[in-house]
Amino acid sequence: MIRRTGSWVAAVAVTMTLVAGCGSDSDSGTGTAAPAPSSAPTTPPADAPSSEPAALPSSTPPSDTPTQKPTKPAKKEKLRNGAKGDEVKALQARLTELGYWNGSADGEFGGTTTQAVYALQKAAGVSRDGVVGTKTKRALEAGVRPKAKSKDGYVVEIDKKKQLLMLVKDGEVQQTFNTSTGSGERYETDSGGTAIASTPKGKFKISRQIDGWRHAPLGMLWRPKYFNGGIAVHGANSVPPYAASHGCARLSISAMNYLWKNDKLPVKTAVWVY
């Protein structure tokens with residue numbers, strides 16, 4: 001009989017050996033024995049079956065065995081305008097904790113929260129897209145806040161480079177808003193001439209205010225607080241995360257309403273522009 005092993009490879013090897021030795025003496029018990037030679041050979045013929053035990057099957061799986069790939073963790077969705085739920089509420093609470101004004105934590109990611117995210121991204125020096133992705137989340141976790149330049153008293157600081165408006169008390173930033181100041185581009189004046197859209201640097205004070213819409217020659221200003229001639233901090237329907245005004249410091253309508261309601265920018269308040 002053919003000795004069976006646990007490996008189909010060993011079985012094939014033994015069968016091939018028996019076929020190659022067909023007609024010779026064997027211990028298989030099959031076939032007809034050949035006459036014994038006059039003198040027995042002292043060594044077995046080269047093609048005689050081996051008496052060594054068959055090799056054990058290897059424990060290494062065949063190379064074509066498929067390898068299961070590790071499952072990648074599901075990517076978390078980025079928070080953006082239109083999102084709702086507990087994650088948004090937690091975001092809003094964290095923004096408020098860091099001083100980025102975004103109204104109440106109502107769990108709805110709208111325009112007000114987008115403005116606060118803009119402000120955070122500006123302070124952190126990351127892309128100003130209003131979307132809470134990896135870098136913005138890191139800024140939230142790290143507690144990134146802008147730094148003030150004034151040291152004493154209550155001052156409204158307008159950082160033109162970062163496009164931020166900050167309420168500062170004794171050198172500590174209390175609240176931060178996204179703002180949009182002069183674009184630096186040339187525009188046509190109402191008299192037919194041209195001028196550069198610029199927000200001049202310097203130290204000023206709020207001198208007058210209008211509680212309502214101001215129909216200015218260059219556009220509509222909501223509840224403006226003037227600090228340098230015709231240049232004011234005012235509400236606007238469009239407050240992008242970059243410089244785009246004719247010279248004023250734009251804030252969102254809701255932010256301007258908040259400042260008026262809580263008397264955050266009274267007349268004679270110091271305004272630093274740098």
# chains A, B, ... in the order shown; residues from 1 in each chain; ligands from 1
>>> residues_around(residues="Gln175 of chain A", least_positions_apart="3", cutoff="9 Å", atoms="only C-alpha atoms", output="list in words")
Thr96, Leu98, Gly99, Tyr100, Trp101, Leu165, Met166, Leu167 and Val168 of chain A
>>> residues_around(residues="segment 138-148 of chain A", least_positions_apart="4", cutoff="8 Å", atoms="only C-alpha atoms", output="VMD selection string")
chain A and resid 94 to 95 98 to 99 120 to 121 123 to 124 134 157 166 168 171 to 173
>>> select_by_dssp(residues="segment 120-159 of chain A", states="alpha helix (DSSP H)", output="list in words")
Leu120, Gln121, Lys122, Ala123, Ala124, Thr134, Lys135, Thr136, Lys137, Arg138, Ala139, Leu140, Glu141 and Ala142 of chain A
>>> write_last_selection(atoms="N, CA and C atoms", output="tab-separated table (two decimals), in the first residue's frame")
chain	number	residue	atom	x	y	z
A	120	LEU	N	-11.19	82.41	14.80
A	120	LEU	CA	-10.26	81.43	15.37
A	120	LEU	C	-9.18	81.06	14.35
A	121	GLN	N	-9.58	80.80	13.12
A	121	GLN	CA	-8.63	80.41	12.08
A	121	GLN	C	-7.62	81.53	11.81
A	122	LYS	N	-8.07	82.78	11.85
A	122	LYS	CA	-7.17	83.91	11.67
A	122	LYS	C	-6.15	83.98	12.80
A	123	ALA	N	-6.62	83.81	14.02
A	123	ALA	CA	-5.72	83.85	15.17
A	123	ALA	C	-4.70	82.71	15.13
A	124	ALA	N	-5.13	81.56	14.61
A	124	ALA	CA	-4.26	80.38	14.56
A	124	ALA	C	-3.36	80.36	13.33
A	134	THR	N	-9.11	69.35	10.64
A	134	THR	CA	-8.07	68.89	11.56
A	134	THR	C	-7.31	70.05	12.20
A	135	LYS	N	-6.83	71.00	11.41
A	135	LYS	CA	-6.02	72.10	11.95
A	135	LYS	C	-6.84	73.02	12.85
A	136	THR	N	-8.08	73.26	12.48
A	136	THR	CA	-8.93	74.11	13.31
A	136	THR	C	-9.26	73.42	14.63
A	137	LYS	N	-9.47	72.11	14.60
A	137	LYS	CA	-9.72	71.35	15.83
A	137	LYS	C	-8.51	71.42	16.76
A	138	ARG	N	-7.32	71.35	16.16
A	138	ARG	CA	-6.11	71.45	16.97
A	138	ARG	C	-6.01	72.83	17.64
A	139	ALA	N	-6.40	73.86	16.91
A	139	ALA	CA	-6.38	75.22	17.48
A	139	ALA	C	-7.37	75.32	18.64
A	140	LEU	N	-8.52	74.68	18.50
A	140	LEU	CA	-9.51	74.67	19.58
A	140	LEU	C	-8.96	73.95	20.81
A	141	GLU	N	-8.35	72.78	20.56
A	141	GLU	CA	-7.81	71.98	21.66
A	141	GLU	C	-6.66	72.71	22.35
A	142	ALA	N	-5.85	73.42	21.56
A	142	ALA	CA	-4.70	74.14	22.13
A	142	ALA	C	-5.11	75.45	22.81
>>> residues_around(residues="Lys205 of chain A", least_positions_apart="3", cutoff="7 Å", atoms="only C-alpha atoms", output="JSON, numbers by chain")
{"A": [227, 268, 269, 270, 271]}
>>> select_by_dssp(residues="segment 55-265 of chain A", states="strand (DSSP E or B)", output="CSV table (one decimal) with C-alpha atoms, in the first residue's frame")
chain,number,residue,atom,x,y,z
A,79,LEU,CA,-18.2,70.5,10.9
A,84,LYS,CA,-26.6,70.5,13.7
A,100,TYR,CA,-14.7,84.1,20.0
A,108,GLU,CA,-26.9,75.0,14.9
A,132,VAL,CA,-13.8,72.9,11.4
A,154,TYR,CA,-10.5,99.4,27.9
A,155,VAL,CA,-9.5,99.4,24.2
A,156,VAL,CA,-11.0,98.2,20.9
A,157,GLU,CA,-8.0,96.8,18.9
A,158,ILE,CA,-8.3,96.3,15.2
A,159,ASP,CA,-5.5,94.0,13.8
A,164,LEU,CA,-9.5,90.7,13.8
A,165,LEU,CA,-11.4,93.1,16.1
A,166,MET,CA,-10.8,92.6,19.8
A,167,LEU,CA,-12.3,94.0,23.0
A,168,VAL,CA,-9.3,94.3,25.4
A,169,LYS,CA,-9.3,95.2,29.1
A,172,GLU,CA,-6.3,90.9,28.3
A,173,VAL,CA,-8.5,90.0,25.2
A,174,GLN,CA,-12.1,89.7,26.4
A,175,GLN,CA,-13.8,89.0,23.1
A,176,THR,CA,-12.7,88.5,19.5
A,177,PHE,CA,-14.6,89.1,16.2
A,178,ASN,CA,-14.0,88.5,12.6
A,180,SER,CA,-13.0,93.0,7.2
A,182,GLY,CA,-9.9,98.4,3.8
A,186,ARG,CA,-8.5,101.8,-5.8
A,187,TYR,CA,-12.1,102.7,-6.1
A,188,GLU,CA,-14.2,105.5,-7.6
A,194,THR,CA,-10.5,107.8,-7.2
A,195,ALA,CA,-9.2,106.8,-3.8
A,196,ILE,CA,-7.5,103.9,-2.1
A,202,GLY,CA,-3.3,104.9,14.6
A,203,LYS,CA,-5.0,105.6,18.0
A,204,PHE,CA,-8.5,107.1,17.9
A,205,LYS,CA,-11.7,107.3,19.9
A,208,ARG,CA,-20.3,109.6,17.2
A,209,GLN,CA,-22.8,106.8,16.4
A,213,TRP,CA,-29.0,102.1,8.8
A,214,ARG,CA,-26.7,104.9,7.5
A,215,HIS,CA,-27.1,105.4,3.7
A,216,ALA,CA,-23.5,106.3,3.1
A,219,GLY,CA,-22.9,101.7,0.8
A,220,MET,CA,-25.1,100.8,3.7
A,221,LEU,CA,-23.7,100.9,7.3
A,222,TRP,CA,-25.7,99.2,10.1
A,223,ARG,CA,-25.5,101.0,13.5
A,224,PRO,CA,-22.1,102.6,12.8
A,225,LYS,CA,-19.6,103.7,15.5
A,226,TYR,CA,-17.4,106.4,13.9
A,227,PHE,CA,-13.8,106.7,15.2
A,228,ASN,CA,-11.9,108.5,12.4
A,231,ILE,CA,-14.5,105.6,9.0
A,232,ALA,CA,-16.5,103.4,11.5
A,233,VAL,CA,-17.0,100.0,13.0
A,234,HIS,CA,-20.4,98.9,11.6
A,235,GLY,CA,-22.6,96.0,10.8
A,236,ALA,CA,-22.8,94.7,7.2
A,245,SER,CA,-14.2,97.2,2.7
A,249,ALA,CA,-14.2,97.8,10.0
A,250,ARG,CA,-17.1,95.5,9.1
A,251,LEU,CA,-18.8,93.2,11.6
A,252,SER,CA,-21.8,90.9,11.1
>>> closest_residue(among="A:Lys89, A:Asp152, A:Ser191, A:Gln115", to="Ile253 of chain A", atoms="only C-alpha atoms")
A:Gln115
